[in-house]
$ cat final-v5.cif   # mmCIF, C-alpha atoms
data_my_file
#
loop_
_atom_site.label_atom_id
_atom_site.label_comp_id
_atom_site.auth_asym_id
_atom_site.auth_seq_id
_atom_site.Cartn_x
_atom_site.Cartn_y
_atom_site.Cartn_z
CA MET A 1 17.38 43.70 -95.22
CA THR A 2 16.10 40.66 -93.44
CA MET A 3 16.54 37.27 -95.00
CA SER A 4 13.33 36.21 -96.65
CA LEU A 5 12.31 32.59 -96.57
CA PHE A 6 10.16 32.68 -99.67
CA ASN A 7 12.72 33.11 -102.41
CA LEU A 8 13.96 31.31 -105.49
CA GLN A 9 16.72 29.46 -103.65
CA ASN A 10 14.34 27.80 -101.24
CA CYS A 11 11.84 26.92 -103.94
CA LEU A 12 14.61 25.36 -106.04
CA ALA A 13 15.96 23.51 -103.01
CA LEU A 14 12.49 22.13 -102.35
CA SER A 15 12.13 20.95 -105.93
CA LEU A 16 15.63 19.46 -105.91
CA LEU A 17 14.84 17.55 -102.73
CA LEU A 18 11.63 16.27 -104.31
CA VAL A 19 13.58 15.05 -107.34
CA LEU A 20 16.12 13.34 -105.09
CA ILE A 21 13.42 11.65 -103.02
CA GLY A 22 11.77 10.45 -106.19
CA SER A 23 15.01 9.13 -107.63
CA TYR A 24 15.69 7.27 -104.39
CA GLY A 25 12.29 5.63 -104.81
CA VAL A 26 13.04 4.72 -108.42
CA PHE A 27 16.29 3.02 -107.42
CA ARG A 28 14.99 1.41 -104.29
CA ARG A 29 11.47 0.12 -104.80
CA ARG A 30 10.75 -3.21 -106.46
CA SER A 31 7.15 -2.85 -107.53
CA LEU A 32 6.57 -1.18 -110.88
CA ILE A 33 3.67 0.81 -109.48
CA MET A 34 5.86 2.26 -106.77
CA ILE A 35 8.46 3.19 -109.38
CA LEU A 36 5.79 5.05 -111.33
CA LEU A 37 4.69 6.84 -108.17
CA SER A 38 8.27 7.90 -107.53
CA VAL A 39 8.45 9.26 -111.05
CA GLU A 40 5.37 11.32 -110.24
CA VAL A 41 7.16 12.74 -107.20
CA MET A 42 10.07 13.72 -109.44
CA LEU A 43 7.72 15.36 -111.94
CA ASN A 44 6.14 17.31 -109.12
CA GLY A 45 9.53 18.75 -108.20
CA VAL A 46 10.30 19.70 -111.79
CA ASN A 47 6.97 21.48 -112.16
CA LEU A 48 7.62 23.40 -108.97
CA SER A 49 10.98 24.58 -110.28
CA LEU A 50 9.40 25.73 -113.56
CA VAL A 51 6.74 27.84 -111.90
CA SER A 52 9.06 29.29 -109.27
CA PHE A 53 11.61 30.32 -111.90
CA ASN A 54 8.87 32.08 -113.78
CA PHE A 55 7.61 33.93 -110.73
CA PHE A 56 10.94 35.06 -109.33
CA ARG A 57 13.00 35.69 -112.44
CA TRP A 58 10.82 36.15 -115.48
CA GLY A 59 7.73 38.12 -114.56
CA SER A 60 6.96 39.58 -117.98
CA ILE A 61 5.28 36.45 -119.35
CA ASP A 62 3.63 33.45 -117.72
CA ALA A 63 4.83 30.79 -120.11
CA SER A 64 5.75 28.32 -117.40
CA HIS A 65 2.10 27.87 -116.55
CA TYR A 66 1.66 26.62 -120.06
CA LEU A 67 4.74 24.43 -119.63
CA TYR A 68 3.12 23.04 -116.51
CA MET A 69 0.03 22.13 -118.53
CA LEU A 70 2.23 20.35 -121.08
CA SER A 71 4.02 18.57 -118.27
CA ILE A 72 0.90 17.19 -116.65
CA GLY A 73 -0.30 16.14 -120.09
CA VAL A 74 2.87 14.12 -120.52
CA ALA A 75 2.42 12.77 -116.99
CA ALA A 76 -1.11 11.67 -117.81
CA VAL A 77 0.00 9.87 -120.97
CA GLU A 78 2.89 8.26 -119.11
CA ALA A 79 0.57 7.09 -116.35
CA ALA A 80 -1.95 5.68 -118.82
CA VAL A 81 0.62 3.77 -120.86
CA GLY A 82 2.61 2.61 -117.84
CA LEU A 83 -0.43 1.45 -115.92
CA SER A 84 -1.82 -0.45 -118.90
CA MET A 85 1.57 -2.16 -119.26
CA ILE A 86 1.45 -3.03 -115.57
CA ILE A 87 -2.03 -4.48 -115.93
CA VAL A 88 -0.94 -6.65 -118.86
CA LEU A 89 2.13 -7.84 -116.93
CA PHE A 90 0.02 -8.63 -113.90
CA LYS A 91 -2.48 -10.58 -115.98
CA ASN A 92 0.28 -12.64 -117.58
CA TYR A 93 2.68 -13.23 -114.68
CA ASN A 94 0.70 -12.40 -111.54
CA ASP A 95 3.67 -10.36 -110.38
CA ILE A 96 4.84 -6.80 -111.02
CA SER A 97 8.22 -6.78 -109.34
CA ARG A 98 11.21 -5.27 -111.06
CA GLU A 99 13.16 -8.53 -111.21
CA ARG A 100 10.33 -10.29 -113.00
CA VAL A 101 10.22 -7.67 -115.71
CA ALA A 102 13.99 -7.61 -116.11
CA HIS A 103 13.95 -11.19 -117.39
CA LEU A 104 11.05 -10.60 -119.69
CA GLY A 105 12.82 -11.05 -123.00
CA GLU A 106 14.78 -14.19 -122.13
CA ASN A 107 12.74 -16.79 -120.32
CA ALA A 108 9.30 -15.33 -120.35
CA MET B 1 10.06 43.46 -102.13
CA PRO B 2 8.46 43.06 -98.70
CA ILE B 3 6.83 39.71 -98.13
CA SER B 4 4.26 39.34 -95.42
CA PRO B 5 5.13 36.82 -92.69
CA LEU B 6 1.95 34.91 -93.44
CA VAL B 7 3.33 34.02 -96.86
CA GLU B 8 6.59 32.83 -95.37
CA ILE B 9 4.90 30.75 -92.70
CA THR B 10 2.60 29.20 -95.30
CA PHE B 11 5.52 28.43 -97.57
CA ALA B 12 7.58 26.88 -94.79
CA LEU B 13 4.75 24.71 -93.51
CA SER B 14 3.83 23.63 -97.04
CA ALA B 15 7.43 22.76 -97.83
CA ILE B 16 7.72 20.66 -94.68
CA VAL B 17 4.48 18.82 -95.40
CA ILE B 18 5.45 18.25 -99.05
CA LEU B 19 8.83 16.83 -98.12
CA LEU B 20 7.49 14.58 -95.36
CA THR B 21 4.63 13.15 -97.41
CA SER B 22 6.86 12.61 -100.45
CA LEU B 23 9.40 10.83 -98.27
CA PHE B 24 6.70 8.55 -96.93
CA VAL B 25 5.43 7.91 -100.48
CA VAL B 26 8.83 6.44 -101.24
CA LEU B 27 9.25 4.60 -97.95
CA VAL B 28 5.83 3.19 -97.10
CA LYS B 29 5.13 -0.42 -98.02
CA ASN B 30 1.47 -0.40 -98.91
CA PRO B 31 0.92 1.00 -102.44
CA VAL B 32 -2.57 2.28 -101.61
CA ARG B 33 -1.19 4.31 -98.74
CA ALA B 34 1.60 5.59 -100.97
CA THR B 35 -0.89 6.84 -103.55
CA LEU B 36 -3.05 8.55 -100.96
CA LEU B 37 0.05 10.16 -99.44
CA LEU B 38 1.05 11.42 -102.86
CA ILE B 39 -2.39 13.00 -103.24
CA LEU B 40 -1.89 14.51 -99.81
CA SER B 41 1.44 15.97 -100.93
CA PHE B 42 -0.25 17.60 -103.93
CA LEU B 43 -2.47 19.78 -101.77
CA PRO B 44 0.33 21.87 -100.18
CA THR B 45 2.04 21.91 -103.57
CA SER B 46 -0.97 23.69 -104.99
CA LEU B 47 -0.77 26.06 -102.03
CA VAL B 48 2.82 26.88 -103.03
CA TYR B 49 1.65 27.47 -106.60
CA ILE B 50 -0.94 29.91 -105.34
CA LEU B 51 1.77 31.70 -103.37
CA LEU B 52 3.74 31.91 -106.61
CA GLN B 53 0.78 33.76 -108.21
CA ALA B 54 -0.02 30.73 -110.32
CA SER B 55 -3.57 30.20 -109.16
CA PHE B 56 -4.67 28.43 -112.33
CA VAL B 57 -1.76 26.02 -112.00
CA GLY B 58 -2.78 25.38 -108.41
CA ILE B 59 -6.30 24.57 -109.54
CA LEU B 60 -4.98 22.27 -112.25
CA GLN B 61 -2.76 20.53 -109.72
CA ILE B 62 -5.78 19.53 -107.66
CA LEU B 63 -8.31 19.00 -110.43
CA VAL B 64 -6.23 17.18 -113.00
CA TYR B 65 -3.24 15.79 -111.14
CA ALA B 66 -4.73 14.76 -107.82
CA GLY B 67 -8.23 14.26 -109.15
CA ALA B 68 -7.65 12.44 -112.41
CA ILE B 69 -4.15 11.01 -112.70
CA MET B 70 -3.82 9.88 -109.11
CA MET B 71 -7.32 8.42 -109.21
CA LEU B 72 -6.14 6.36 -112.18
CA PHE B 73 -3.28 5.06 -110.04
CA THR B 74 -5.61 4.30 -107.15
CA PHE B 75 -8.01 2.52 -109.47
CA VAL B 76 -5.32 0.30 -110.96
CA ILE B 77 -3.82 -0.50 -107.55
CA MET B 78 -7.21 -1.47 -106.18
CA MET B 79 -7.85 -3.55 -109.29
CA ILE B 80 -4.71 -5.67 -109.34
CA ASN B 81 -4.18 -5.57 -105.54
CA PRO B 82 -0.43 -6.23 -105.45
CA SER B 83 0.92 -8.13 -102.49
CA PRO B 84 2.58 -5.85 -99.90
CA LYS B 85 5.91 -7.66 -100.05
CA ASP B 86 7.42 -4.80 -102.03
CA GLY B 87 10.53 -3.26 -100.51
CA GLU B 88 10.69 -5.91 -97.82
CA SER B 89 14.10 -6.14 -96.19
CA SER B 90 13.96 -9.90 -95.70
CA ILE B 91 15.40 -10.65 -99.14
CA GLY B 92 18.89 -9.47 -98.23
CA GLY B 93 21.75 -10.55 -100.45
CA GLU B 94 19.72 -11.25 -103.54
CA SER B 95 20.70 -8.11 -105.38
CA ALA B 96 22.80 -5.07 -104.61
CA PHE B 97 19.74 -2.96 -103.93
CA SER B 98 17.84 -5.19 -101.56
CA GLY B 99 17.74 -5.00 -97.80
CA LEU B 100 19.41 -2.58 -95.45
CA ARG B 101 22.56 -2.47 -97.54
CA GLY B 102 20.57 -1.38 -100.55
CA ALA B 103 18.90 1.33 -98.51
CA LEU B 104 22.29 2.58 -97.38
CA ILE B 105 23.67 2.56 -100.92
CA GLY B 106 20.64 4.42 -102.22
CA LEU B 107 20.80 6.99 -99.44
CA LEU B 108 24.50 7.51 -100.06
CA VAL B 109 24.10 7.98 -103.80
CA VAL B 110 21.13 10.32 -103.51
CA GLY B 111 22.57 12.25 -100.55
CA PHE B 112 25.91 12.67 -102.28
CA ALA B 113 24.18 14.02 -105.36
CA GLY B 114 22.19 16.39 -103.17
CA VAL B 115 25.27 17.64 -101.33
CA LEU B 116 27.00 18.23 -104.65
CA VAL B 117 24.09 19.98 -106.33
CA LEU B 118 22.35 21.91 -103.58
CA PRO B 119 25.04 24.59 -102.91
CA ARG B 120 25.45 25.15 -106.62
CA VAL B 121 21.70 25.63 -106.94
CA TYR B 122 21.82 28.22 -104.17
CA MET B 123 24.75 30.08 -105.68
CA ALA B 124 23.45 30.02 -109.23
CA ALA B 125 19.98 31.09 -108.18
CA SER B 126 21.30 34.02 -106.18
CA GLU B 127 23.39 35.26 -109.08
CA VAL B 128 20.57 35.54 -111.58
CA SER B 129 19.16 39.03 -111.54
CA THR B 130 15.80 39.49 -109.93
CA ALA B 131 12.87 40.52 -112.06
CA SER B 132 9.61 41.13 -110.30
CA VAL B 133 6.29 40.34 -111.88
CA THR B 134 5.46 42.99 -114.47
CA LYS B 135 2.75 41.39 -116.55
CA PRO B 136 -0.71 42.58 -115.53
CA GLY B 137 -2.90 39.72 -114.43
CA PHE B 138 0.05 37.37 -114.13
CA GLY B 139 -1.12 33.79 -113.81
CA ASP B 140 -4.78 34.53 -114.43
CA LEU B 141 -6.82 32.30 -116.65
CA SER B 142 -7.36 35.10 -119.15
CA SER B 143 -3.64 35.84 -119.24
CA ILE B 144 -2.77 32.22 -119.99
CA ALA B 145 -5.54 32.05 -122.58
CA ASP B 146 -4.11 35.15 -124.27
CA LEU B 147 -0.68 33.56 -124.28
CA LEU B 148 -2.02 30.38 -125.82
CA PHE B 149 -4.66 31.48 -128.28
CA LYS B 150 -4.08 35.12 -129.18
CA ASP B 151 -3.22 35.51 -132.86
CA PRO B 152 -3.32 31.75 -133.46
CA ALA B 153 -1.86 31.98 -136.96
CA ASN B 154 1.62 32.98 -135.75
CA ASN B 155 1.49 31.76 -132.18
CA PRO B 156 3.93 28.93 -131.48
CA PHE B 157 2.15 28.10 -128.23
CA THR B 158 -1.05 27.30 -130.09
CA VAL B 159 0.71 24.85 -132.37
CA SER B 160 2.41 23.05 -129.52
CA PHE B 161 -0.82 22.96 -127.57
CA GLU B 162 -2.56 21.26 -130.47
CA LEU B 163 0.38 18.88 -130.92
CA MET B 164 -0.18 17.85 -127.32
CA SER B 165 -3.47 16.30 -128.37
CA PHE B 166 -1.59 14.09 -130.80
CA LEU B 167 0.61 12.88 -127.95
CA ILE B 168 -2.48 12.00 -125.94
CA LEU B 169 -3.92 10.23 -128.99
CA VAL B 170 -0.72 8.17 -129.27
CA GLY B 171 -1.05 7.31 -125.60
CA ILE B 172 -4.62 6.16 -126.07
CA ILE B 173 -3.66 3.97 -129.03
CA ALA B 174 -0.75 2.47 -127.10
CA ALA B 175 -2.94 1.69 -124.09
CA LEU B 176 -5.58 0.11 -126.32
CA ASN B 177 -2.90 -1.93 -128.07
CA PHE B 178 -1.60 -3.22 -124.76
CA SER B 179 -5.01 -4.22 -123.59
CA ARG B 180 -5.71 -6.19 -126.77
CA ARG B 181 -5.25 -9.93 -126.52
CA LYS B 182 -2.43 -11.78 -128.26
CA GLY B 183 -3.45 -12.94 -131.72
CA ALA B 184 -5.76 -10.31 -133.04
CA ALA B 185 -7.52 -12.82 -135.28
CA ALA B 186 -9.55 -14.14 -132.38
CA PRO B 187 -13.10 -14.97 -133.41
CA ILE B 188 -15.60 -12.25 -132.82
CA ASP B 189 -17.99 -12.91 -130.02
CA PRO B 190 -21.37 -13.75 -131.57
CA ALA B 191 -23.03 -11.35 -129.17
CA ILE B 192 -21.34 -8.40 -130.85
CA SER B 193 -21.43 -9.69 -134.41
CA THR B 194 -22.24 -7.08 -136.99
CA ARG B 195 -25.19 -8.88 -138.48
CA PRO B 196 -28.15 -8.04 -136.32
CA THR B 197 -30.14 -11.09 -137.32
CA GLU B 198 -27.35 -13.40 -136.11
CA ALA B 199 -26.35 -11.39 -133.07
CA LEU B 200 -29.63 -10.88 -131.33
CA PRO B 201 -32.41 -13.37 -131.85
CA LEU B 202 -35.66 -11.57 -132.33
CA VAL B 203 -38.13 -11.96 -129.52
CA GLN B 204 -41.79 -11.74 -130.18
CA ARG B 205 -43.43 -9.28 -127.90
CA GLU B 206 -46.53 -10.59 -126.25
CA SER B 207 -48.41 -7.35 -126.67
CA ALA B 208 -47.89 -7.48 -130.43
CA THR B 209 -49.41 -10.95 -130.64
CA ASP B 210 -52.22 -9.99 -128.32
CA GLY B 211 -53.16 -7.04 -130.44
CA LYS B 212 -53.73 -9.13 -133.55
#

$ encode --input "final-v5.cif" --output "structure tokens"
Amino acid sequence: MTMSLFNLQNCLALSLLLVLIGSYGVFRRRSLIMILLSVEVMLNGVNLSLVSFNFFRWGSIDASHYLYMLSIGVAAVEAAVGLSMIIVLFKNYNDISRERVAHLGENA
Amino acid sequence: MPISPLVEITFALSAIVILLTSLFVVLVKNPVRATLLLILSFLPTSLVYILLQASFVGILQILVYAGAIMMLFTFVIMMINPSPKDGESSIGGESAFSGLRGALIGLLVVGFAGVLVLPRVYMAASEVSTASVTKPGFGDLSSIADLLFKDPANNPFTVSFELMSFLILVGIIAALNFSRRKGAAAPIDPAISTRPTEALPLVQRESATDGK
């Protein structure tokens, strides 16, 4: 039996790498918008792992497609709330860097 | 389960494109470019979903994720136009995560986590028994609709789907609350006052006076 490239291991490795790339962005970037974008990359990896698990290991029901719909609903709400917070911060401080927000409660 | 080489080639190319574009999303300095690259990384992701017999999910990925959510990001970035100084390496020494040292620390942490987790993922995934797709019409729109809305009185999926709308409602209220100004007792603009006689002064139409 030849080794197939399209299997659960490779799909999970792809999603794990996406999550790691996204977490690197969350730790590394300073702008709040870029942190939100990195969170979207992580969510993309998690969705990929859900759907690939369902296809390769659990073919009697397609519940993960529904889980994917829930996940992008949560992503939409997160984006809406986060972006409105970013807009308010930008209107008040003219700056959306991570350091500026970290001092928000003390000397704002 | 024989897999045609076309599927494998498509999967490999999509995986490479997804990884490269996601990496550049994290690394690129301009936020507009990062958002457009993220949209670009969603297109091969939907291709992978279609390979996984999740065609409806692939459609949703493009329509809702790339089309709606990412457009929201693009809109906000264009609106506030943040300065491209983000992630600049000229600030070295200010915090532990700035500059080249911060990049090295981040790469080490993330790479170490990957090295620890990735072999375990491979081993654990190869141990789970394989089950091929048995449901007829797997991933079709009608199949998902059956899963969600068949027998809605005892279907847990229906309840959670409706609860999702409450979550979105909470998100809307939170976003509205953020956009409201401090001090909600601000005087109402006379242009939108509720009394029509005060809000809009009546204008005599010339034709009405001419007719008399």

$ closest_atom_pairs --input "final-v5.cif" --of "stretch 98-141 of chain B" --to "stretch 9-21 of chain A" --cutoff "7 Å" --atoms "all atoms listed in the file" --output "JSON lines"
{"residue": "B:Val110", "atom": "CA", "partner": "A:Leu20", "partner_atom": "CA", "distance": 6.1}
{"residue": "B:Leu118", "atom": "CA", "partner": "A:Ala13", "partner_atom": "CA", "distance": 6.6}
{"residue": "B:Tyr122", "atom": "CA", "partner": "A:Gln9", "partner_atom": "CA", "distance": 5.3}
{"residue": "B:Ala125", "atom": "CA", "partner": "A:Gln9", "partner_atom": "CA", "distance": 5.8}
{"residue": "B:Ser126", "atom": "CA", "partner": "A:Gln9", "partner_atom": "CA", "distance": 6.9}

$ residues_around --input "final-v5.cif" --residues "B:Gln61" --least-positions-apart "3" --cutoff "12 Å" --atoms "all atoms listed in the file" --output "ChimeraX atom specification"
/A:43-44,47-48,65,68-69,71-73,75 /B:39-50,54-58,64-70

$ interface_residues --input "final-v5.cif" --of "chain B" --to "chain A" --cutoff "7 Å" --atoms "all atoms listed in the file" --output "ChimeraX atom specification"
/B:8,11,15,19,22-23,26,31,52,57,69,86-87,97,103,106,110,118,122,125-126,130-135,138-139,144,168,171,174-175,178-179

$ atom_distance --input "final-v5.cif" --atom1 "atom CA of A:Val46" --atom2 "atom CA of B:Gly99"
29.3 Å

$ atom_distance --input "final-v5.cif" --atom1 "atom CA of B:Val25" --atom2 "atom CA of A:Ala102"
23.6 Å

$ atom_distance --input "final-v5.cif" --atom1 "atom CA of B:Phe161" --atom2 "atom CA of B:Leu148"
7.7 Å

$ build_atoms --input "final-v5.cif" --residues "stretch 7-21 of chain A" --atoms "N, CA and C atoms" --output "mmCIF file, keeping the file's coordinate frame"
data_model
loop_
_atom_site.group_PDB
_atom_site.id
_atom_site.type_symbol
_atom_site.label_atom_id
_atom_site.label_comp_id
_atom_site.auth_asym_id
_atom_site.auth_seq_id
_atom_site.Cartn_x
_atom_site.Cartn_y
_atom_site.Cartn_z
ATOM 1 N N ASN A 7 11.952 32.598 -101.287
ATOM 2 C CA ASN A 7 12.720 33.110 -102.410
ATOM 3 C C ASN A 7 13.035 31.967 -103.375
ATOM 4 N N LEU A 8 13.723 32.304 -104.437
ATOM 5 C CA LEU A 8 13.960 31.310 -105.490
ATOM 6 C C LEU A 8 14.836 30.167 -104.991
ATOM 7 N N GLN A 9 15.815 30.509 -104.130
ATOM 8 C CA GLN A 9 16.720 29.460 -103.650
ATOM 9 C C GLN A 9 15.958 28.373 -102.910
ATOM 10 N N ASN A 10 15.048 28.798 -102.024
ATOM 11 C CA ASN A 10 14.340 27.800 -101.240
ATOM 12 C C ASN A 10 13.371 26.997 -102.095
ATOM 13 N N CYS A 11 12.741 27.659 -103.061
ATOM 14 C CA CYS A 11 11.840 26.920 -103.940
ATOM 15 C C CYS A 11 12.630 25.892 -104.753
ATOM 16 N N LEU A 12 13.809 26.307 -105.257
ATOM 17 C CA LEU A 12 14.610 25.360 -106.040
ATOM 18 C C LEU A 12 15.140 24.240 -105.166
ATOM 19 N N ALA A 13 15.492 24.569 -103.907
ATOM 20 C CA ALA A 13 15.960 23.510 -103.010
ATOM 21 C C ALA A 13 14.843 22.516 -102.731
ATOM 22 N N LEU A 14 13.624 23.029 -102.566
ATOM 23 C CA LEU A 14 12.490 22.130 -102.350
ATOM 24 C C LEU A 14 12.275 21.218 -103.553
ATOM 25 N N SER A 15 12.360 21.792 -104.755
ATOM 26 C CA SER A 15 12.130 20.950 -105.930
ATOM 27 C C SER A 15 13.279 19.963 -106.118
ATOM 28 N N LEU A 16 14.498 20.389 -105.791
ATOM 29 C CA LEU A 16 15.630 19.460 -105.910
ATOM 30 C C LEU A 16 15.475 18.307 -104.928
ATOM 31 N N LEU A 17 15.031 18.623 -103.707
ATOM 32 C CA LEU A 17 14.840 17.550 -102.730
ATOM 33 C C LEU A 17 13.738 16.600 -103.179
ATOM 34 N N LEU A 18 12.696 17.147 -103.802
ATOM 35 C CA LEU A 18 11.630 16.270 -104.310
ATOM 36 C C LEU A 18 12.183 15.336 -105.381
ATOM 37 N N VAL A 19 13.009 15.883 -106.276
ATOM 38 C CA VAL A 19 13.580 15.050 -107.340
ATOM 39 C C VAL A 19 14.481 13.965 -106.737
ATOM 40 N N LEU A 20 15.237 14.336 -105.703
ATOM 41 C CA LEU A 20 16.120 13.340 -105.090
ATOM 42 C C LEU A 20 15.322 12.257 -104.377
ATOM 43 N N ILE A 21 14.266 12.653 -103.682
ATOM 44 C CA ILE A 21 13.420 11.650 -103.020
ATOM 45 C C ILE A 21 12.818 10.709 -104.051
#
